[in-house]
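Dropping input_33.pdb in here (PDB, C-alpha atoms and all ligand atoms):
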```pdb
MODEL        1
ATOM      1  CA  MET A   1     -14.038 122.280  98.952
ATOM      2  CA  ARG A   2     -11.444 122.988 101.605
ATOM      3  CA  SER A   3      -7.942 122.856 100.276
ATOM      4  CA  GLN A   4      -6.325 119.494 100.925
ATOM      5  CA  VAL A   5      -2.857 120.973 101.037
ATOM      6  CA  ARG A   6      -3.443 123.532 103.785
ATOM      7  CA  ARG A   7      -3.570 121.591 107.013
ATOM      8  CA  ARG A   8      -5.541 123.365 109.722
ATOM      9  CA  VAL A   9      -3.748 124.818 112.750
ATOM     10  CA  MET A  10      -5.555 125.494 116.004
ATOM     11  CA  ALA A  11      -3.437 127.588 118.357
ATOM     12  CA  GLY A  12      -4.085 128.836 121.864
ATOM     13  CA  ASN A  13      -2.388 132.023 123.045
ATOM     14  CA  TRP A  14      -2.469 132.077 126.828
ATOM     15  CA  LYS A  15      -1.072 135.626 127.030
ATOM     16  CA  MET A  16      -0.180 136.509 130.656
ATOM     17  CA  TYR A  17      -2.228 133.697 132.179
ATOM     18  CA  LYS A  18      -1.367 130.395 133.904
ATOM     19  CA  THR A  19       1.387 129.615 136.347
ATOM     20  CA  GLN A  20       3.372 126.376 136.093
ATOM     21  CA  ALA A  21       0.947 124.676 138.473
ATOM     22  CA  GLU A  22      -2.053 125.823 136.412
ATOM     23  CA  THR A  23      -0.286 124.615 133.265
ATOM     24  CA  ARG A  24       0.270 121.180 134.825
ATOM     25  CA  ASP A  25      -3.435 121.033 135.708
ATOM     26  CA  PHE A  26      -4.585 121.980 132.188
ATOM     27  CA  PHE A  27      -3.047 119.260 130.038
ATOM     28  CA  PRO A  28      -4.324 116.079 131.737
ATOM     29  CA  VAL A  29      -7.842 117.437 131.119
ATOM     30  CA  PHE A  30      -7.171 118.791 127.615
ATOM     31  CA  LEU A  31      -5.154 115.991 125.973
ATOM     32  CA  PRO A  32      -7.764 113.198 126.252
ATOM     33  CA  LEU A  33     -10.367 115.539 124.767
ATOM     34  CA  ILE A  34      -8.460 116.083 121.506
ATOM     35  CA  LEU A  35      -7.361 112.522 120.749
ATOM     36  CA  ASP A  36      -9.618 112.401 117.673
ATOM     37  CA  ALA A  37      -8.541 115.776 116.307
ATOM     38  CA  THR A  38      -6.130 114.315 113.775
ATOM     39  CA  HIS A  39      -7.327 116.768 111.097
ATOM     40  CA  CYS A  40      -5.317 119.664 112.544
ATOM     41  CA  ASP A  41      -2.090 120.758 114.200
ATOM     42  CA  VAL A  42      -2.537 121.955 117.775
ATOM     43  CA  VAL A  43      -0.312 124.598 119.349
ATOM     44  CA  ILE A  44      -0.311 126.225 122.785
ATOM     45  CA  ALA A  45       1.640 129.372 123.637
ATOM     46  CA  PRO A  46       2.089 129.653 127.424
ATOM     47  CA  PRO A  47       3.916 132.538 129.118
ATOM     48  CA  PHE A  48       7.716 131.996 129.238
ATOM     49  CA  THR A  49       7.703 130.780 132.845
ATOM     50  CA  SER A  50       5.250 127.981 132.036
ATOM     51  CA  ILE A  51       6.831 126.754 128.799
ATOM     52  CA  ALA A  52       8.970 124.043 130.427
ATOM     53  CA  ALA A  53       5.956 122.693 132.323
ATOM     54  CA  ALA A  54       3.908 122.696 129.108
ATOM     55  CA  VAL A  55       6.640 120.907 127.142
ATOM     56  CA  GLN A  56       6.884 118.264 129.831
ATOM     57  CA  ALA A  57       3.113 117.822 130.106
ATOM     58  CA  THR A  58       2.686 117.412 126.323
ATOM     59  CA  GLU A  59       5.586 115.040 125.705
ATOM     60  CA  GLY A  60       4.471 112.231 123.393
ATOM     61  CA  SER A  61       1.279 114.096 122.455
ATOM     62  CA  ARG A  62       0.470 115.941 119.215
ATOM     63  CA  VAL A  63       0.469 119.327 120.929
ATOM     64  CA  ALA A  64       3.301 121.691 119.997
ATOM     65  CA  ILE A  65       4.444 124.511 122.249
ATOM     66  CA  ALA A  66       5.059 128.097 121.153
ATOM     67  CA  GLY A  67       6.723 131.157 122.614
ATOM     68  CA  GLN A  68       4.623 134.318 122.632
ATOM     69  CA  ASN A  69       7.552 136.503 121.622
ATOM     70  CA  ASN A  70      11.244 136.261 120.702
ATOM     71  CA  HIS A  71      14.158 138.649 120.362
ATOM     72  CA  TRP A  72      15.906 138.994 117.010
ATOM     73  CA  GLN A  73      19.379 138.507 118.510
ATOM     74  CA  LYS A  74      20.794 135.171 119.591
ATOM     75  CA  GLU A  75      21.990 136.545 122.952
ATOM     76  CA  GLY A  76      23.149 139.808 124.449
ATOM     77  CA  ALA A  77      22.440 142.643 126.861
ATOM     78  CA  PHE A  78      18.674 142.766 126.343
ATOM     79  CA  THR A  79      17.119 142.711 129.802
ATOM     80  CA  GLY A  80      13.794 140.920 129.936
ATOM     81  CA  GLU A  81      14.112 139.369 126.477
ATOM     82  CA  VAL A  82      14.249 135.750 125.331
ATOM     83  CA  SER A  83      15.920 134.554 122.126
ATOM     84  CA  SER A  84      14.663 132.082 119.544
ATOM     85  CA  GLN A  85      17.540 129.754 120.466
ATOM     86  CA  MET A  86      16.351 129.751 124.076
ATOM     87  CA  LEU A  87      12.836 128.881 122.959
ATOM     88  CA  VAL A  88      14.160 125.984 120.890
ATOM     89  CA  ALA A  89      16.310 124.772 123.800
ATOM     90  CA  VAL A  90      13.298 124.612 126.117
ATOM     91  CA  GLY A  91      11.266 122.662 123.555
ATOM     92  CA  CYS A  92       9.266 125.206 121.527
ATOM     93  CA  THR A  93       8.639 124.636 117.839
ATOM     94  CA  TYR A  94       6.571 127.775 117.116
ATOM     95  CA  VAL A  95       6.650 131.420 118.152
ATOM     96  CA  ILE A  96       4.006 134.151 117.890
ATOM     97  CA  VAL A  97       5.456 137.278 116.260
ATOM     98  CA  GLY A  98       3.940 140.756 115.999
ATOM     99  CA  HIS A  99       0.874 140.224 118.149
ATOM    100  CA  SER A 100      -1.162 143.441 118.259
ATOM    101  CA  GLU A 101      -0.690 143.635 122.040
ATOM    102  CA  ARG A 102       3.072 143.736 121.505
ATOM    103  CA  ARG A 103       2.712 146.277 118.720
ATOM    104  CA  GLN A 104       0.445 148.394 120.957
ATOM    105  CA  TYR A 105       2.166 148.120 124.371
ATOM    106  CA  SER A 106       5.771 147.336 123.455
ATOM    107  CA  GLY A 107       6.179 149.429 120.332
ATOM    108  CA  GLU A 108       6.799 146.526 118.004
ATOM    109  CA  THR A 109       7.137 147.727 114.414
ATOM    110  CA  ASP A 110       6.760 145.972 111.073
ATOM    111  CA  GLY A 111      10.558 146.010 110.741
ATOM    112  CA  MET A 112      10.946 144.275 114.108
ATOM    113  CA  VAL A 113       8.351 141.716 113.047
ATOM    114  CA  ALA A 114      10.469 140.907 109.993
ATOM    115  CA  GLN A 115      13.679 140.651 112.065
ATOM    116  CA  LYS A 116      12.025 138.434 114.683
ATOM    117  CA  SER A 117      10.527 136.199 111.994
ATOM    118  CA  ARG A 118      13.945 135.755 110.390
ATOM    119  CA  ALA A 119      15.586 135.003 113.740
ATOM    120  CA  ALA A 120      12.930 132.391 114.483
ATOM    121  CA  LEU A 121      13.292 130.752 111.069
ATOM    122  CA  GLU A 122      17.074 130.621 111.371
ATOM    123  CA  CYS A 123      16.790 128.268 114.297
ATOM    124  CA  GLY A 124      13.916 126.227 112.946
ATOM    125  CA  LEU A 125      10.966 127.775 114.770
ATOM    126  CA  THR A 126       7.752 128.358 112.845
ATOM    127  CA  PRO A 127       6.692 131.984 113.295
ATOM    128  CA  ILE A 128       2.966 132.736 113.545
ATOM    129  CA  VAL A 129       3.029 136.296 112.244
ATOM    130  CA  CYS A 130       0.062 138.417 113.349
ATOM    131  CA  LEU A 131      -1.424 141.396 111.595
ATOM    132  CA  GLY A 132      -4.731 143.240 111.717
ATOM    133  CA  GLU A 133      -6.395 146.627 111.710
ATOM    134  CA  ASN A 134      -7.822 148.465 114.727
ATOM    135  CA  PHE A 135     -11.366 149.742 115.156
ATOM    136  CA  THR A 136     -10.767 153.253 113.825
ATOM    137  CA  GLU A 137      -8.870 151.929 110.831
ATOM    138  CA  ARG A 138     -11.772 149.639 109.937
ATOM    139  CA  GLU A 139     -14.403 152.329 110.546
ATOM    140  CA  THR A 140     -12.562 154.762 108.297
ATOM    141  CA  GLY A 141     -12.199 152.251 105.473
ATOM    142  CA  ARG A 142      -8.450 151.758 105.884
ATOM    143  CA  THR A 143      -8.409 148.002 106.571
ATOM    144  CA  GLN A 144      -6.754 146.994 103.299
ATOM    145  CA  GLU A 145      -4.252 149.847 103.451
ATOM    146  CA  ILE A 146      -3.179 148.790 106.981
ATOM    147  CA  LEU A 147      -3.004 145.084 106.162
ATOM    148  CA  SER A 148      -0.998 145.771 103.058
ATOM    149  CA  GLN A 149       1.398 148.071 104.972
ATOM    150  CA  GLN A 150       1.882 145.532 107.793
ATOM    151  CA  PHE A 151       2.360 142.772 105.256
ATOM    152  CA  ILE A 152       4.907 144.546 103.086
ATOM    153  CA  GLY A 153       6.993 145.841 106.016
ATOM    154  CA  GLY A 154       6.816 142.527 107.906
ATOM    155  CA  PRO A 155       6.356 139.036 106.419
ATOM    156  CA  GLY A 156       6.338 140.394 102.868
ATOM    157  CA  SER A 157       9.973 141.424 103.265
ATOM    158  CA  LEU A 158      11.145 137.841 103.838
ATOM    159  CA  THR A 159      12.657 135.813 101.020
ATOM    160  CA  PRO A 160      10.264 133.436  99.218
ATOM    161  CA  GLU A 161      11.976 130.502 100.935
ATOM    162  CA  GLU A 162      11.625 132.097 104.367
ATOM    163  CA  PHE A 163       8.021 133.039 103.651
ATOM    164  CA  SER A 164       7.160 129.436 102.739
ATOM    165  CA  ARG A 165       7.910 128.451 106.355
ATOM    166  CA  ILE A 166       5.718 130.938 108.235
ATOM    167  CA  LEU A 167       2.065 131.075 109.230
ATOM    168  CA  LEU A 168       0.021 134.258 109.124
ATOM    169  CA  ALA A 169      -2.665 135.184 111.643
ATOM    170  CA  TYR A 170      -5.282 137.800 110.798
ATOM    171  CA  GLU A 171      -6.287 139.308 114.123
ATOM    172  CA  PRO A 172      -8.488 142.403 113.829
ATOM    173  CA  VAL A 173      -7.680 144.394 116.968
ATOM    174  CA  TRP A 174     -11.341 145.357 117.483
ATOM    175  CA  ALA A 175     -12.244 141.676 117.833
ATOM    176  CA  ILE A 176      -9.554 140.735 120.379
ATOM    177  CA  GLY A 177     -10.891 140.152 123.881
ATOM    178  CA  THR A 178     -14.015 142.137 123.060
ATOM    179  CA  GLY A 179     -16.483 139.372 122.252
ATOM    180  CA  ARG A 180     -16.988 141.146 118.892
ATOM    181  CA  THR A 181     -15.893 138.340 116.578
ATOM    182  CA  ALA A 182     -15.490 139.171 112.918
ATOM    183  CA  THR A 183     -18.309 137.505 111.003
ATOM    184  CA  PRO A 184     -17.131 134.572 108.881
ATOM    185  CA  ASP A 185     -17.618 136.770 105.794
ATOM    186  CA  ILE A 186     -15.577 139.681 107.178
ATOM    187  CA  ALA A 187     -12.772 137.324 108.222
ATOM    188  CA  ALA A 188     -12.802 135.528 104.849
ATOM    189  CA  ALA A 189     -12.647 138.846 102.961
ATOM    190  CA  ALA A 190      -9.573 139.920 104.934
ATOM    191  CA  HIS A 191      -7.934 136.537 104.378
ATOM    192  CA  ARG A 192      -8.624 136.792 100.628
ATOM    193  CA  PHE A 193      -7.046 140.237 100.605
ATOM    194  CA  LEU A 194      -3.961 138.963 102.462
ATOM    195  CA  ARG A 195      -3.670 136.080 100.017
ATOM    196  CA  GLN A 196      -3.734 138.639  97.209
ATOM    197  CA  CYS A 197      -0.889 140.532  98.941
ATOM    198  CA  VAL A 198       1.064 137.262  99.084
ATOM    199  CA  GLN A 199       0.428 136.640  95.397
ATOM    200  CA  ASP A 200       1.527 140.167  94.444
ATOM    201  CA  GLN A 201       4.689 139.965  96.540
ATOM    202  CA  PHE A 202       5.639 136.340  95.961
ATOM    203  CA  SER A 203       3.638 134.010  93.701
ATOM    204  CA  ALA A 204       0.285 132.338  93.124
ATOM    205  CA  GLU A 205       1.740 129.145  94.618
ATOM    206  CA  ALA A 206       2.808 130.953  97.791
ATOM    207  CA  ALA A 207      -0.667 132.504  98.069
ATOM    208  CA  ALA A 208      -2.366 129.140  97.647
ATOM    209  CA  SER A 209      -0.236 127.382 100.216
ATOM    210  CA  VAL A 210       0.248 129.926 103.036
ATOM    211  CA  ARG A 211      -1.870 129.090 106.045
ATOM    212  CA  ILE A 212      -3.778 132.039 107.512
ATOM    213  CA  LEU A 213      -5.330 131.684 110.963
ATOM    214  CA  TYR A 214      -8.108 133.914 112.243
ATOM    215  CA  GLY A 215      -7.942 135.353 115.773
ATOM    216  CA  GLY A 216     -10.335 137.538 117.742
ATOM    217  CA  SER A 217     -12.991 136.272 120.165
ATOM    218  CA  VAL A 218     -13.078 132.743 118.740
ATOM    219  CA  LYS A 219     -15.357 130.718 121.026
ATOM    220  CA  PRO A 220     -16.881 127.219 120.913
ATOM    221  CA  ASP A 221     -20.186 128.685 119.691
ATOM    222  CA  ASN A 222     -18.755 130.620 116.731
ATOM    223  CA  SER A 223     -15.809 128.432 115.697
ATOM    224  CA  GLN A 224     -17.916 126.150 113.490
ATOM    225  CA  GLY A 225     -19.113 129.049 111.337
ATOM    226  CA  LEU A 226     -15.629 130.527 111.066
ATOM    227  CA  MET A 227     -13.955 127.227 110.216
ATOM    228  CA  ALA A 228     -16.570 126.528 107.530
ATOM    229  CA  GLN A 229     -14.937 129.313 105.497
ATOM    230  CA  GLN A 230     -12.362 127.702 103.250
ATOM    231  CA  GLU A 231     -10.223 130.851 103.479
ATOM    232  CA  LEU A 232      -9.652 130.241 107.200
ATOM    233  CA  ASP A 233      -6.928 127.688 107.831
ATOM    234  CA  GLY A 234      -7.287 127.660 111.583
ATOM    235  CA  ALA A 235      -7.645 129.870 114.620
ATOM    236  CA  LEU A 236      -5.499 131.734 117.123
ATOM    237  CA  VAL A 237      -7.537 131.664 120.311
ATOM    238  CA  GLY A 238      -6.978 133.805 123.390
ATOM    239  CA  GLY A 239      -9.506 133.712 126.235
ATOM    240  CA  ALA A 240     -11.272 130.517 125.170
ATOM    241  CA  SER A 241      -7.980 128.585 125.103
ATOM    242  CA  LEU A 242      -7.555 128.967 128.861
ATOM    243  CA  ASP A 243     -10.309 126.471 129.574
ATOM    244  CA  ALA A 244      -9.457 122.903 128.511
ATOM    245  CA  LYS A 245     -13.020 121.981 127.557
ATOM    246  CA  SER A 246     -13.725 125.107 125.575
ATOM    247  CA  PHE A 247     -10.429 124.996 123.675
ATOM    248  CA  ALA A 248     -10.959 121.270 122.971
ATOM    249  CA  ALA A 249     -14.411 122.075 121.565
ATOM    250  CA  ILE A 250     -12.803 124.606 119.199
ATOM    251  CA  VAL A 251      -9.992 122.227 118.204
ATOM    252  CA  ASN A 252     -12.484 119.439 117.535
ATOM    253  CA  CYS A 253     -14.750 121.451 115.241
ATOM    254  CA  LYS A 254     -14.606 120.002 111.737
TER
HETATM  255  P1  LIG B   1      -9.291 136.486 122.244
HETATM  256  O1  LIG B   1      -9.631 135.127 121.678
HETATM  257  O2  LIG B   1      -9.297 136.516 123.746
HETATM  258  O3  LIG B   1     -10.127 137.558 121.615
HETATM  259  O4  LIG B   1      -7.768 136.797 121.838
HETATM  260  C1  LIG B   1      -7.367 136.617 120.527
HETATM  261  C2  LIG B   1      -5.894 136.754 120.450
HETATM  262  O5  LIG B   1      -5.352 137.833 120.653
HETATM  263  C3  LIG B   1      -5.105 135.542 120.166
HETATM  264  O6  LIG B   1      -3.780 135.866 119.907
ENDMDL
END
```
Go ahead and render the structure in this file as structure tokens.
Amino acid sequence: MRSQVRRRVMAGNWKMYKTQAETRDFFPVFLPLILDATHCDVVIAPPFTSIAAAVQATEGSRVAIAGQNNHWQKEGAFTGEVSSQMLVAVGCTYVIVGHSERRQYSGETDGMVAQKSRAALECGLTPIVCLGENFTERETGRTQEILSQQFIGGPGSLTPEEFSRILLAYEPVWAIGTGRTATPDIAAAAHRFLRQCVQDQFSAEAAASVRILYGGSVKPDNSQGLMAQQELDGALVGGASLDAKSFAAIVNCK
């Protein structure tokens, strides 16, 4: 049976899509479609410029808004960056940390992931910390080595108290934006391994209660099978979260 204590989280990562106007158009279609989805938390991460519009459009609803990135400093001479405090001030309650696209294109390291997670937690944001192996790493049998390395250098270096307030997202890089979803079994095996890492680093209780989302080509037609795995506590959805009907179909899957 699915754990009663781990409430499901369905999160949409809009990446570099949707202007303010497109954001304002999305929610009046999306919100009525998820009124019955009381079994899960729903989060949307718009680009920075659309966060205020998203916060306004979701006021009074159950949808929480996330940043897609944060800096580890409160303020300073960091051109192009946004701090956790700024995200809180605009109305965010979550932030995505360590997405593979940021690791790949912006040189984000495990150490930065840990610093950003801490900065987010200090001002009350819930970090959704992403990790996952790439295609070559999986093909050469290094998946567990990579996950363990990313875990230990990133979320595994938090204190137990800090760790109890984060979410993890397993996002195999080979499945992101490729249409090559991990099978439910492959995803569940990786989640089990991550839970083992949590147990080794922290405790059996921490392993049993941490929520781990799966991300990588989650679509309405495969979400049911993925969510049937009790190891999967939700999804982090890219492309399919851009369309209100398709993301609602994923959110609504029981
Ligand atoms: P896709 O759902 O488009 O594969 O993206 C997944 C992702 O990167 C979510 O953060």
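Distance check against ligand LIG 1 (chain B) using all atoms listed in the file: of A:Thr143, A:Thr109, A:Ser217, A:Ser223, the minimum falls on A:Ser217.
The space between atom CA of Ala189 of chain A and atom CA of Gly154 of chain A spans 20.4 Å.
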>> Quick check on the file I pasted: which residues fall under the PyMOL selection byres (((chain A and resi 212) around 9) and not hetatm)? Write them as an MDAnalysis selection string.
In response: chainID A and resid 9 167:170 191 194:195 210:211 213:214 231:235
>> So the first atom is atom CA of Ile65 of chain A and the second is atom CA of Val42 of chain A; what is the distance between them in Å, to one decimal place?
In response: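 Here the two named atoms are 8.7 Å from each other.
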Grab all the atoms of segment 16-27 of chain A that the file lists, wrap them in a box along x, y and z, add 6 Å per side, and give me centre plus edge lengths in Å (one decimal) as JSON.
```
{"center_x": -0.6, "center_y": 127.9, "center_z": 134.3, "size_x": 20.0, "size_y": 29.2, "size_z": 20.4}
```
>> As a check of understanding, name the residues that the PyMOL selection byres (((chain A and resi 33) around 10) and not hetatm) selects in the supplied structure, as an NGL selection string.
In response: :A and (27-32 or 34-37 or 244-245 or 247-249 or 251-252)
Report as CSV the residues of chain A within 9 Å of ligand LIG 1 (chain B), each with its shortest atom pair and distance in Å (one decimal), using only C-alpha atoms and all ligand atoms, ordered by chain and increasing residue number.
```
residue,atom,partner,partner_atom,distance
A:Ala11,CA,B:LIG1,C3,8.3
A:Gly12,CA,B:LIG1,C3,7.0
A:Asn13,CA,B:LIG1,O6,5.2
A:Trp14,CA,B:LIG1,C3,8.0
A:Lys15,CA,B:LIG1,O6,7.6
A:Gln68,CA,B:LIG1,O6,9.0
A:Ile96,CA,B:LIG1,O6,8.2
A:His99,CA,B:LIG1,O6,6.6
A:Ser100,CA,B:LIG1,O5,7.4
A:Glu101,CA,B:LIG1,O5,7.6
A:Cys130,CA,B:LIG1,O6,8.0
A:Ala169,CA,B:LIG1,O6,8.4
A:Glu171,CA,B:LIG1,O5,6.8
A:Pro172,CA,B:LIG1,O5,8.8
A:Val173,CA,B:LIG1,O5,7.9
A:Trp174,CA,B:LIG1,O3,8.9
A:Ala175,CA,B:LIG1,O3,6.0
A:Ile176,CA,B:LIG1,O3,3.5
A:Gly177,CA,B:LIG1,O3,3.5
A:Thr178,CA,B:LIG1,O3,6.2
A:Gly179,CA,B:LIG1,O3,6.6
A:Arg180,CA,B:LIG1,O3,8.2
A:Thr181,CA,B:LIG1,O3,7.7
A:Tyr214,CA,B:LIG1,C3,8.6
A:Gly215,CA,B:LIG1,C1,5.0
A:Gly216,CA,B:LIG1,O3,3.9
A:Ser217,CA,B:LIG1,O3,3.5
A:Val218,CA,B:LIG1,O1,5.1
A:Lys219,CA,B:LIG1,O1,7.3
A:Ala235,CA,B:LIG1,C3,8.3
A:Leu236,CA,B:LIG1,C3,4.9
A:Val237,CA,B:LIG1,O1,4.3
A:Gly238,CA,B:LIG1,O1,3.4
A:Gly239,CA,B:LIG1,O2,3.8
A:Ala240,CA,B:LIG1,O1,6.0
A:Ser241,CA,B:LIG1,O1,7.6
```
>> For a quick check of understanding, using only C-alpha atoms, which of A:Arg8, A:His39, A:Arg142, A:His71 has the smallest distance to Val97 of chain A?
In response: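 Comparing A:Arg8, A:His39, A:Arg142, A:His71 against Val97 of chain A, the winner is A:His71.
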